[in-house]
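Enquirer: Got a file for you: query_1.tsv, TSV, C-alpha atoms.
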```
chain	number	residue	atom	x	y	z
A	143	MET	CA	-47.48	-88.48	-56.95
A	144	ALA	CA	-50.84	-87.02	-57.88
A	145	GLN	CA	-53.92	-87.40	-55.76
A	146	THR	CA	-55.69	-90.51	-57.02
A	147	TYR	CA	-59.36	-91.42	-56.92
A	148	VAL	CA	-61.65	-94.20	-58.07
A	149	ALA	CA	-65.20	-93.52	-59.16
A	150	ALA	CA	-67.16	-96.76	-58.94
A	151	PHE	CA	-70.45	-96.74	-60.79
A	152	VAL	CA	-71.97	-99.97	-59.51
A	153	GLY	CA	-75.04	-101.80	-60.77
A	154	VAL	CA	-75.92	-99.20	-63.35
A	155	THR	CA	-79.03	-100.22	-65.28
A	156	PHE	CA	-78.87	-100.21	-69.05
A	157	GLY	CA	-80.86	-97.60	-70.91
A	158	ASN	CA	-81.13	-96.58	-74.53
A	159	ASN	CA	-78.28	-94.26	-75.54
A	160	LYS	CA	-77.54	-93.67	-71.86
A	161	SER	CA	-74.54	-92.14	-70.14
A	162	MET	CA	-73.60	-95.05	-67.88
A	163	ALA	CA	-70.78	-93.15	-66.17
A	164	GLY	CA	-69.75	-89.55	-66.44
A	165	ILE	CA	-67.06	-87.41	-64.86
A	166	PHE	CA	-67.13	-83.70	-65.59
A	167	ASN	CA	-64.70	-81.01	-64.47
A	168	GLY	CA	-66.91	-77.96	-64.21
A	169	SER	CA	-65.83	-74.37	-64.59
A	170	GLY	CA	-64.25	-72.91	-61.46
A	171	SER	CA	-62.89	-76.15	-60.01
A	172	GLY	CA	-59.33	-74.87	-60.22
A	173	ARG	CA	-58.20	-78.43	-60.93
A	174	VAL	CA	-57.13	-80.64	-63.80
A	175	LEU	CA	-58.33	-84.26	-63.87
A	176	ARG	CA	-56.43	-87.00	-65.65
A	177	VAL	CA	-58.30	-90.19	-66.50
A	178	LYS	CA	-55.97	-93.16	-66.33
A	179	ARG	CA	-58.13	-96.26	-66.73
A	180	VAL	CA	-61.72	-97.26	-67.39
A	181	TYR	CA	-62.96	-100.74	-66.48
A	182	VAL	CA	-66.34	-102.18	-67.40
A	183	LEU	CA	-67.43	-105.33	-65.59
A	184	ASN	CA	-70.38	-107.67	-65.89
A	185	ASN	CA	-71.25	-108.10	-62.23
A	186	GLN	CA	-74.85	-109.28	-62.35
A	187	THR	CA	-76.15	-112.47	-60.77
A	188	THR	CA	-79.82	-112.21	-61.66
A	189	PRO	CA	-80.78	-114.14	-64.82
A	190	VAL	CA	-81.62	-111.83	-67.69
A	191	THR	CA	-81.94	-112.33	-71.41
A	192	GLY	CA	-79.10	-110.18	-72.53
A	193	VAL	CA	-78.28	-109.03	-76.02
A	194	LEU	CA	-75.27	-107.86	-77.95
A	195	THR	CA	-74.91	-104.14	-77.44
A	196	MET	CA	-72.28	-101.39	-77.64
A	197	PHE	CA	-70.39	-98.85	-75.54
A	198	GLU	CA	-68.29	-95.83	-76.41
A	199	VAL	CA	-65.83	-93.86	-74.29
A	200	ARG	CA	-66.07	-90.23	-75.36
A	201	ARG	CA	-64.98	-86.76	-74.40
A	202	SER	CA	-67.79	-84.56	-73.08
A	203	THR	CA	-68.43	-80.83	-72.99
A	204	ALA	CA	-71.41	-80.66	-70.61
A	205	GLN	CA	-73.01	-82.80	-67.90
A	206	SER	CA	-75.96	-82.33	-65.56
A	207	GLY	CA	-78.19	-84.40	-63.31
A	208	GLY	CA	-78.00	-88.13	-62.87
A	209	THR	CA	-77.24	-90.17	-59.77
A	210	SER	CA	-74.12	-88.94	-58.01
A	211	VAL	CA	-71.27	-91.22	-57.04
A	212	THR	CA	-68.69	-90.18	-54.47
A	213	PRO	CA	-65.17	-91.03	-55.62
A	214	THR	CA	-63.00	-93.04	-53.24
A	215	LYS	CA	-59.63	-91.55	-52.34
A	216	HIS	CA	-56.61	-93.82	-52.61
A	217	ASP	CA	-55.14	-91.75	-49.75
A	218	THR	CA	-57.49	-90.25	-47.18
A	219	ALA	CA	-55.07	-87.33	-46.89
A	220	SER	CA	-56.07	-86.27	-50.41
A	221	GLU	CA	-58.44	-83.35	-50.75
A	222	ASN	CA	-62.16	-83.76	-51.21
A	223	MET	CA	-63.42	-83.45	-54.75
A	224	PRO	CA	-64.34	-79.84	-55.61
A	225	ALA	CA	-68.07	-79.30	-55.93
A	226	GLN	CA	-67.62	-78.43	-59.59
A	227	VAL	CA	-66.38	-81.95	-60.35
A	228	LEU	CA	-69.43	-84.07	-61.15
A	229	THR	CA	-69.40	-87.87	-61.03
A	230	ALA	CA	-72.72	-89.44	-61.93
A	231	HIS	CA	-74.47	-92.14	-63.91
A	232	GLY	CA	-77.60	-91.51	-65.91
A	233	ALA	CA	-76.62	-87.89	-66.34
A	234	THR	CA	-77.52	-85.71	-69.31
A	235	VAL	CA	-74.21	-85.45	-71.12
A	236	THR	CA	-73.11	-83.73	-74.30
A	237	SER	CA	-70.35	-85.81	-75.79
A	238	SER	CA	-68.32	-86.33	-78.94
A	239	GLY	CA	-64.91	-87.62	-79.89
A	240	VAL	CA	-64.78	-91.40	-79.62
A	241	LEU	CA	-61.81	-92.78	-77.71
A	242	ARG	CA	-63.01	-96.36	-77.72
A	243	ARG	CA	-65.97	-98.31	-79.06
A	244	PHE	CA	-66.52	-101.85	-77.86
A	245	ALA	CA	-69.21	-104.50	-78.00
A	246	TRP	CA	-70.82	-105.84	-74.83
A	247	SER	CA	-72.97	-108.77	-73.81
A	248	ASN	CA	-75.40	-107.75	-71.07
A	249	ASP	CA	-76.39	-111.35	-70.44
A	250	GLU	CA	-75.58	-112.54	-66.94
A	251	PRO	CA	-72.44	-114.56	-66.23
A	252	THR	CA	-72.85	-117.92	-64.56
A	253	ALA	CA	-70.65	-120.04	-62.35
A	254	SER	CA	-68.52	-122.75	-63.94
A	255	THR	CA	-68.86	-121.72	-67.55
A	256	SER	CA	-66.53	-119.68	-69.69
A	257	THR	CA	-68.20	-117.73	-72.45
A	258	TRP	CA	-67.96	-114.07	-73.30
A	259	ASP	CA	-70.30	-113.11	-70.42
A	260	GLU	CA	-67.92	-114.70	-67.92
A	261	PHE	CA	-64.85	-113.13	-69.50
A	262	GLU	CA	-66.54	-109.81	-68.79
A	263	CYS	CA	-66.01	-110.58	-65.09
A	264	VAL	CA	-62.20	-110.54	-65.33
A	265	PRO	CA	-60.81	-107.06	-64.57
A	266	THR	CA	-57.54	-107.61	-66.40
A	267	PHE	CA	-59.44	-108.31	-69.59
A	268	MET	CA	-62.00	-105.57	-69.11
A	269	CYS	CA	-59.79	-102.50	-68.94
A	270	MET	CA	-61.44	-100.77	-71.88
A	271	PHE	CA	-59.36	-97.60	-71.79
A	272	ASP	CA	-55.82	-97.76	-70.45
A	273	ALA	CA	-53.66	-94.65	-70.29
A	274	ALA	CA	-51.62	-95.96	-67.35
A	275	THR	CA	-49.08	-97.61	-69.57
A	276	GLY	CA	-45.97	-96.44	-67.77
A	277	ASP	CA	-44.90	-94.73	-70.99
A	278	THR	CA	-43.98	-91.23	-69.88
A	279	ASP	CA	-44.28	-89.94	-73.44
A	280	LEU	CA	-48.03	-90.63	-73.57
A	281	GLU	CA	-50.65	-88.35	-72.11
A	282	PRO	CA	-53.67	-89.71	-70.23
A	283	LEU	CA	-57.07	-88.21	-71.00
A	284	VAL	CA	-56.73	-84.70	-69.57
A	285	LEU	CA	-59.92	-83.04	-68.35
A	286	ARG	CA	-59.54	-79.30	-67.98
A	287	GLU	CA	-62.34	-77.09	-66.72
A	288	GLY	CA	-65.38	-77.51	-68.92
A	289	GLU	CA	-64.35	-80.99	-70.06
A	290	GLY	CA	-65.44	-84.49	-69.13
A	291	VAL	CA	-65.53	-88.16	-70.01
A	292	ASP	CA	-68.69	-90.04	-70.93
A	293	VAL	CA	-68.91	-93.84	-70.87
A	294	ARG	CA	-72.01	-94.28	-72.97
A	295	HIS	CA	-74.22	-97.22	-73.87
A	296	THR	CA	-74.93	-96.30	-77.48
A	297	LEU	CA	-77.54	-98.86	-78.55
A	298	THR	CA	-81.05	-99.81	-77.46
A	299	SER	CA	-81.30	-102.27	-74.60
A	300	THR	CA	-82.78	-101.83	-71.15
A	301	VAL	CA	-81.80	-105.25	-69.86
A	302	GLY	CA	-79.31	-105.89	-67.09
A	303	VAL	CA	-76.75	-103.88	-65.15
A	304	VAL	CA	-73.05	-103.15	-65.35
A	305	ASP	CA	-70.24	-101.88	-63.12
A	306	ILE	CA	-67.92	-99.16	-64.39
A	307	ILE	CA	-64.73	-98.20	-62.56
A	308	ILE	CA	-62.82	-95.05	-63.52
A	309	GLU	CA	-59.39	-94.26	-62.09
A	310	PHE	CA	-58.30	-90.64	-62.25
A	311	THR	CA	-56.03	-88.09	-60.64
A	312	LEU	CA	-56.64	-84.54	-59.47
A	313	ALA	CA	-54.05	-81.78	-59.58
A	314	ASN	CA	-53.75	-78.00	-59.67
A	315	THR	CA	-52.17	-77.98	-63.14
B	214	MET	CA	-44.95	-85.80	-72.29
B	215	ALA	CA	-45.64	-85.41	-75.97
B	216	ALA	CA	-48.91	-84.20	-77.43
B	217	THR	CA	-50.97	-87.37	-77.69
B	218	TYR	CA	-53.80	-88.14	-80.08
B	219	HIS	CA	-56.23	-91.02	-80.48
B	220	ALA	CA	-57.51	-91.82	-83.95
B	221	ALA	CA	-60.69	-93.89	-84.13
B	222	PHE	CA	-61.53	-95.62	-87.40
B	223	LEU	CA	-65.06	-96.82	-86.67
B	224	GLY	CA	-66.73	-99.63	-88.58
B	225	VAL	CA	-64.46	-99.52	-91.61
B	226	SER	CA	-65.61	-101.86	-94.39
B	227	VAL	CA	-63.02	-104.18	-95.86
B	228	ALA	CA	-62.17	-104.73	-99.51
B	229	PRO	CA	-59.57	-106.96	-101.15
B	230	ASN	CA	-56.01	-105.70	-100.71
B	231	ALA	CA	-57.12	-102.25	-99.56
B	232	CYS	CA	-55.85	-99.79	-96.99
B	233	VAL	CA	-58.46	-99.58	-94.23
B	234	ALA	CA	-56.66	-97.03	-92.04
B	235	GLY	CA	-53.86	-94.68	-92.98
B	236	ILE	CA	-51.78	-92.07	-91.23
B	237	PHE	CA	-49.47	-90.03	-93.40
B	238	ASN	CA	-47.08	-87.28	-92.34
B	239	GLY	CA	-46.87	-85.12	-95.43
B	240	SER	CA	-43.98	-82.92	-96.46
B	241	GLY	CA	-43.89	-79.58	-94.66
B	242	SER	CA	-45.72	-80.66	-91.51
B	243	GLY	CA	-42.74	-79.81	-89.32
B	244	LYS	CA	-43.69	-82.72	-87.07
B	245	VAL	CA	-42.55	-86.22	-86.26
B	246	LEU	CA	-45.30	-88.70	-85.46
B	247	ARG	CA	-44.75	-91.72	-83.22
B	248	ILE	CA	-47.19	-94.64	-83.31
B	249	LYS	CA	-47.52	-96.10	-79.82
B	250	ARG	CA	-50.42	-98.54	-79.90
B	251	ILE	CA	-52.82	-100.03	-82.41
B	252	ILE	CA	-55.99	-101.79	-81.28
B	253	PHE	CA	-58.33	-103.77	-83.52
B	254	LEU	CA	-61.88	-104.53	-82.35
B	255	ASN	CA	-64.75	-106.52	-83.76
B	256	THR	CA	-67.97	-104.58	-83.06
B	257	GLN	CA	-70.23	-106.18	-85.65
B	258	SER	CA	-73.67	-107.07	-84.33
B	259	ALA	CA	-75.50	-107.92	-87.56
B	260	ALA	CA	-75.27	-111.47	-88.91
B	261	ILE	CA	-72.98	-111.43	-91.93
B	262	GLY	CA	-71.25	-114.79	-92.30
B	263	GLY	CA	-67.72	-113.42	-92.35
B	264	THR	CA	-64.61	-115.41	-93.15
B	265	LEU	CA	-61.09	-115.62	-91.77
B	266	THR	CA	-58.82	-113.00	-93.31
B	267	ALA	CA	-55.74	-110.98	-92.34
B	268	PHE	CA	-54.40	-107.46	-91.94
B	269	GLU	CA	-50.91	-106.03	-92.17
B	270	ALA	CA	-49.33	-102.81	-91.00
B	271	ARG	CA	-46.78	-101.43	-93.44
B	272	ARG	CA	-44.77	-98.29	-93.85
B	273	SER	CA	-46.17	-96.13	-96.64
B	274	THR	CA	-44.53	-93.55	-98.89
B	275	ALA	CA	-47.63	-91.85	-100.26
B	276	GLN	CA	-51.31	-91.52	-99.42
B	277	SER	CA	-54.31	-89.74	-100.91
B	278	GLY	CA	-58.07	-89.60	-100.48
B	279	GLY	CA	-60.14	-91.46	-97.90
B	280	SER	CA	-62.53	-90.36	-95.16
B	281	PRO	CA	-61.28	-88.44	-92.11
B	282	ALA	CA	-61.01	-90.51	-88.94
B	283	ASP	CA	-62.28	-89.32	-85.56
B	284	ILE	CA	-59.26	-87.73	-83.86
B	285	THR	CA	-59.32	-86.86	-80.16
B	286	LYS	CA	-56.61	-84.87	-78.40
B	287	MET	CA	-55.73	-86.28	-75.02
B	288	ASP	CA	-55.19	-82.70	-73.87
B	289	THR	CA	-57.20	-79.93	-75.50
B	290	ASN	CA	-54.23	-77.62	-74.90
B	291	SER	CA	-52.32	-79.55	-77.58
B	292	ALA	CA	-52.07	-78.07	-81.04
B	293	ASN	CA	-54.26	-79.28	-83.85
B	294	LEU	CA	-52.49	-81.64	-86.20
B	295	PRO	CA	-50.99	-79.86	-89.21
B	296	ALA	CA	-52.96	-80.07	-92.44
B	297	GLN	CA	-50.16	-82.14	-93.91
B	298	VAL	CA	-50.92	-84.95	-91.46
B	299	GLN	CA	-53.66	-87.08	-93.01
B	300	VAL	CA	-55.51	-89.55	-90.78
B	301	VAL	CA	-58.18	-91.26	-92.87
B	302	SER	CA	-59.95	-94.53	-93.52
B	303	GLY	CA	-59.93	-96.09	-96.96
B	304	PRO	CA	-57.23	-94.01	-98.62
B	305	THR	CA	-55.12	-94.95	-101.60
B	306	ALA	CA	-51.78	-95.71	-99.99
B	307	THR	CA	-48.47	-96.70	-101.51
B	308	SER	CA	-46.67	-99.19	-99.34
B	309	VAL	CA	-44.05	-101.84	-99.80
B	310	PRO	CA	-45.46	-105.33	-99.17
B	311	GLY	CA	-42.19	-106.56	-97.69
B	312	LEU	CA	-41.90	-103.76	-95.12
B	313	ARG	CA	-44.43	-104.89	-92.56
B	314	PHE	CA	-44.63	-104.15	-88.86
B	315	PHE	CA	-47.09	-106.93	-88.11
B	316	ARG	CA	-49.56	-109.28	-89.71
B	317	VAL	CA	-52.64	-110.38	-87.83
B	318	PRO	CA	-55.25	-113.00	-88.77
B	319	TRP	CA	-58.81	-111.78	-88.28
B	320	SER	CA	-62.32	-113.21	-88.36
B	321	MET	CA	-64.78	-110.96	-90.15
B	322	ASP	CA	-67.72	-112.87	-88.68
B	323	GLU	CA	-70.12	-111.11	-86.33
B	324	ILE	CA	-70.00	-111.51	-82.56
B	325	ASN	CA	-72.68	-113.20	-80.49
B	326	VAL	CA	-73.87	-113.20	-76.90
B	327	SER	CA	-72.96	-116.09	-74.59
B	328	ILE	CA	-70.44	-117.88	-76.73
B	329	LEU	CA	-66.68	-117.44	-76.90
B	330	ALA	CA	-65.07	-118.06	-80.25
B	331	ILE	CA	-62.36	-115.99	-81.91
B	332	ASP	CA	-65.02	-113.48	-83.03
B	333	GLU	CA	-65.95	-112.70	-79.44
B	334	ILE	CA	-62.34	-112.57	-78.23
B	335	GLN	CA	-61.84	-109.96	-80.94
B	336	ALA	CA	-64.35	-107.77	-79.07
B	337	ILE	CA	-62.12	-107.45	-75.99
B	338	PRO	CA	-59.53	-104.64	-76.17
B	339	PHE	CA	-57.05	-106.39	-73.85
B	340	PHE	CA	-56.57	-109.20	-76.36
B	341	ASN	CA	-56.44	-107.07	-79.45
B	342	ILE	CA	-53.60	-104.62	-78.97
B	343	VAL	CA	-51.95	-105.70	-82.20
B	344	PHE	CA	-49.02	-103.29	-81.89
B	345	ASN	CA	-47.66	-101.96	-78.61
B	346	ALA	CA	-44.57	-99.78	-78.29
B	347	CYS	CA	-45.36	-98.72	-74.73
B	348	ARG	CA	-43.32	-99.93	-71.78
B	349	ARG	CA	-40.71	-101.41	-74.07
B	350	GLY	CA	-37.45	-100.00	-72.82
B	351	GLY	CA	-34.92	-99.22	-75.52
B	352	ARG	CA	-37.32	-99.82	-78.38
B	353	LYS	CA	-38.63	-97.06	-80.57
B	354	PRO	CA	-42.24	-96.71	-81.57
B	355	ILE	CA	-43.02	-96.53	-85.28
B	356	VAL	CA	-41.58	-93.15	-86.22
B	357	LEU	CA	-43.21	-91.31	-89.11
B	358	ARG	CA	-41.06	-88.50	-90.43
B	359	GLU	CA	-42.17	-86.17	-93.19
B	360	GLY	CA	-43.04	-88.16	-96.30
B	361	GLU	CA	-43.69	-91.31	-94.30
B	362	GLY	CA	-46.88	-93.03	-93.25
B	363	LEU	CA	-48.56	-96.08	-91.82
B	364	ASP	CA	-50.78	-98.29	-93.96
B	365	ILE	CA	-53.10	-100.68	-92.11
B	366	ARG	CA	-54.02	-102.93	-94.98
B	367	HIS	CA	-56.54	-105.71	-95.40
B	368	ILE	CA	-54.60	-108.30	-97.37
B	369	GLY	CA	-57.38	-110.86	-97.86
B	370	ASN	CA	-59.93	-111.19	-100.63
B	371	THR	CA	-63.21	-110.75	-98.77
B	372	SER	CA	-65.48	-107.72	-99.02
B	373	THR	CA	-67.70	-108.80	-96.14
B	374	GLY	CA	-67.69	-107.11	-92.76
B	375	SER	CA	-66.09	-104.20	-90.99
B	376	VAL	CA	-63.56	-103.50	-88.26
B	377	CYS	CA	-62.84	-100.76	-85.72
B	378	ILE	CA	-59.22	-99.63	-85.44
B	379	PHE	CA	-57.80	-97.32	-82.77
B	380	ILE	CA	-54.35	-95.79	-83.16
B	381	GLU	CA	-52.60	-93.89	-80.38
B	382	PHE	CA	-49.80	-91.62	-81.50
B	383	THR	CA	-47.82	-88.56	-80.52
B	384	SER	CA	-46.77	-85.49	-82.46
B	385	ALA	CA	-43.59	-83.56	-81.69
B	386	GLY	CA	-41.26	-81.08	-83.33
B	387	THR	CA	-38.38	-83.55	-83.45
```
Any chance you could put this one into structure tokens?
Expert:
Amino acid sequence: MAQTYVAAFVGVTFGNNKSMAGIFNGSGSGRVLRVKRVYVLNNQTTPVTGVLTMFEVRRSTAQSGGTSVTPTKHDTASENMPAQVLTAHGATVTSSGVLRRFAWSNDEPTASTSTWDEFECVPTFMCMFDAATGDTDLEPLVLREGEGVDVRHTLTSTVGVVDIIIEFTLANT
Amino acid sequence: MAATYHAAFLGVSVAPNACVAGIFNGSGSGKVLRIKRIIFLNTQSAAIGGTLTAFEARRSTAQSGGSPADITKMDTNSANLPAQVQVVSGPTATSVPGLRFFRVPWSMDEINVSILAIDEIQAIPFFNIVFNACRRGGRKPIVLREGEGLDIRHIGNTSTGSVCIFIEFTSAGT
């Protein structure tokens, strides 16, 4: 079983055409990352006037800066992340190759109602990229050295926050 | 594991009885394609007043023209798809109406914040995996041998609105 990690980008503020979560396997890491699942969750309790906006999950070829997030090991016996592996939100990312595009309401969910905003609180529904199908014929998103994944807010809104959870593995080959 | 590819058909406009997304494995490719999952998503933000319509997935026997889709390799070590494999939106496709893999009703109306009608449910990937051959023991995916293709066809009469379609497939020598 491969070493498994979760990068939790919590309470990330929306920005125009902003990388909301990025993982990049930099040159010299000596490792291969495999992205299994990407969740996006509406976990905001402060009232905001949200709008309809859009995300894309993309491959990336460069990443720098941003606010670092330390991935959580599923097993504490797993190795620490190599320094060349960058996990950050708000980073400067060069990306292309759309794996998924999806609409998003950044309005806040409320208790005891059930509209789209509240559905965005249910993890089962909000797995936006799922390569953990159990189908051994299908590859996950493989990040070799010099490659990354960019979960990007592609439109113009600076209202609200979002949580993004990325599950991935780390191996020598 | 087989070489895996994701094809993204982003914001494809609909037209009456027209192929919106096509994958065709042309003669001489030397490959067999296997369609694993197809996801439809409504990502329309502009008010358009769309109507209820429907799509079908059919096997096709010919395909020409169209605009190239955005194809991403899951592993950059995988080979590029052969030139004979055409993955495009809006092609002219020849398919048999009776040979369908699925038919799905679809609202072409735009989605809105803070309500939850069928339009908004169509924005959530979990609910819109319209074909899934993963985790189905003993069942084959849609296999496209040379000279065979997949025609995702809008079978309604409206010309209003667009749809995003994501197709996950593998390519192998046999």
Enquirer: Of the candidates A:Leu283, A:Ala230, A:Val154, A:Ala225, which shows the shortest atom-to-atom distance to Leu183 in chain A, using all atoms listed in the file?
Expert: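 That would be A:Val154, the residue with the smallest distance to Leu183 in chain A.
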Enquirer: Under the rule that all atoms listed in the file are counted, which of A:Thr195, A:Asn314, A:Thr188, A:Ser299 is the nearest residue to chain B?
Expert: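 Smallest distance to chain B is found for A:Thr195.
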Enquirer: List every residue of range 238-313 of chain A that has an atom at most 9 Å from any atom of range 284-289 of chain B, and for each one report the closest atom pair and its distance in Å to one decimal, counting all atoms listed in the file, with rows sorted by chain and then by increasing residue number, as JSON lines.
Expert:
```
{"residue": "A:Gly239", "atom": "CA", "partner": "B:Thr285", "partner_atom": "CA", "distance": 5.6}
{"residue": "A:Val240", "atom": "CA", "partner": "B:Thr285", "partner_atom": "CA", "distance": 7.1}
{"residue": "A:Leu241", "atom": "CA", "partner": "B:Thr285", "partner_atom": "CA", "distance": 6.9}
{"residue": "A:Leu280", "atom": "CA", "partner": "B:Met287", "partner_atom": "CA", "distance": 9.0}
{"residue": "A:Glu281", "atom": "CA", "partner": "B:Met287", "partner_atom": "CA", "distance": 6.2}
{"residue": "A:Pro282", "atom": "CA", "partner": "B:Met287", "partner_atom": "CA", "distance": 6.2}
{"residue": "A:Leu283", "atom": "CA", "partner": "B:Met287", "partner_atom": "CA", "distance": 4.7}
{"residue": "A:Val284", "atom": "CA", "partner": "B:Asp288", "partner_atom": "CA", "distance": 5.0}
{"residue": "A:Leu285", "atom": "CA", "partner": "B:Asp288", "partner_atom": "CA", "distance": 7.3}
{"residue": "A:Arg286", "atom": "CA", "partner": "B:Thr289", "partner_atom": "CA", "distance": 7.9}
```
Enquirer: Using all atoms listed in the file, find which residues of chain A lie within 10 Å of chain B and jot them down as a PyMOL selection string.
Expert: chain A and resi 176-177+191-197+200-201+238-251+255-262+266-273+275-286+289
Enquirer: Grab the CA of Thr315 in chain A to CA of Gly172 in chain A distance for me, in Å with one decimal place.
Expert: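 Atom-to-atom, CA of Thr315 in chain A and CA of Gly172 in chain A are spaced 8.3 Å apart.
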Enquirer: Leaving out Ala144 in chain A and any residue of its chain fewer than 5 positions from it, which residues lie within 8 Å of it when counting only C-alpha atoms, given as a list in words?
Expert: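 Contacts, with the query itself left out: Thr311, Leu312 and Ala313 of chain A.
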Enquirer: Write a file of the just-selected residues containing C-alpha atoms, as a PDB file, keeping the file's coordinate frame.
Expert:
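Result went into out.pdb, see below:
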```
ATOM      1  CA  THR A 311     -56.030 -88.090 -60.640  1.00  0.00           C
ATOM      2  CA  LEU A 312     -56.640 -84.540 -59.470  1.00  0.00           C
ATOM      3  CA  ALA A 313     -54.050 -81.780 -59.580  1.00  0.00           C
TER       4      ALA A 313
END
```
